[in-house]
Amino acid sequence: ISFQALDFVWSDVAKPGIYPMTRRLSVREALYLSGGVLDTGNKKKVVVNRRMPDGFLRPQVIDVAAIERGRQPDNLFLEPGDQVLVPGNRMKSVERWIRLASAASIFRIFTGGF
């Protein structure tokens, strides 16, 4: 697979994956193509990792929430090989704790504990 013509969109989006760049895309458009940011995603801290000529990735934080509200221009366009990461928000932490509490309850039921 050639990474020259692909973008990676992953983490808290509906359809994470590798997407071909058939045209120039902004970060917001790439998120839309990947099914949008989940309720557990933090739109204020979207990270675009771009590989620099020296081989290192340079992260850039984008406030997509501000772009959607019209408070910031949607003027960062992706380049082939960019990676878009949507980090989790507080809701993701709450969901994780709920899953852990549920698992602990089920474990207690099966082990006879209270």
# chains A, B, ... in the order shown; residues from 1 in each chain; ligands from 1
$ residues_around --residues "A:Val46" --least-positions-apart "5" --cutoff "10 Å" --atoms "only C-alpha atoms" --output "ChimeraX atom specification"
/A:12,27-28,31,37,41,59-65,84-88
$ select_by_dssp --residues "stretch 14-97 of chain A" --states "alpha helix (DSSP H)" --output "list in words"
Val27, Arg28, Glu29, Ala30, Leu31, Tyr32, Leu33, Val64, Ala65, Ala66, Ile67, Glu68, Arg90, Met91, Lys92, Ser93, Val94, Glu95, Arg96 and Trp97 of chain A
$ residues_around --residues "A:Gly36" --least-positions-apart "3" --cutoff "6 Å" --atoms "only C-alpha atoms" --output "PyMOL selection string"
chain A and resi 13-14+31-32
$ closest_residue --among "A:Asn89, A:Thr22, A:Asp82, A:Glu68" --to "A:Val47" --atoms "only C-alpha atoms"
A:Asp82
$ atom_distance --atom1 "atom CA of A:Ala66" --atom2 "atom CA of A:Lys44"
7.3 Å
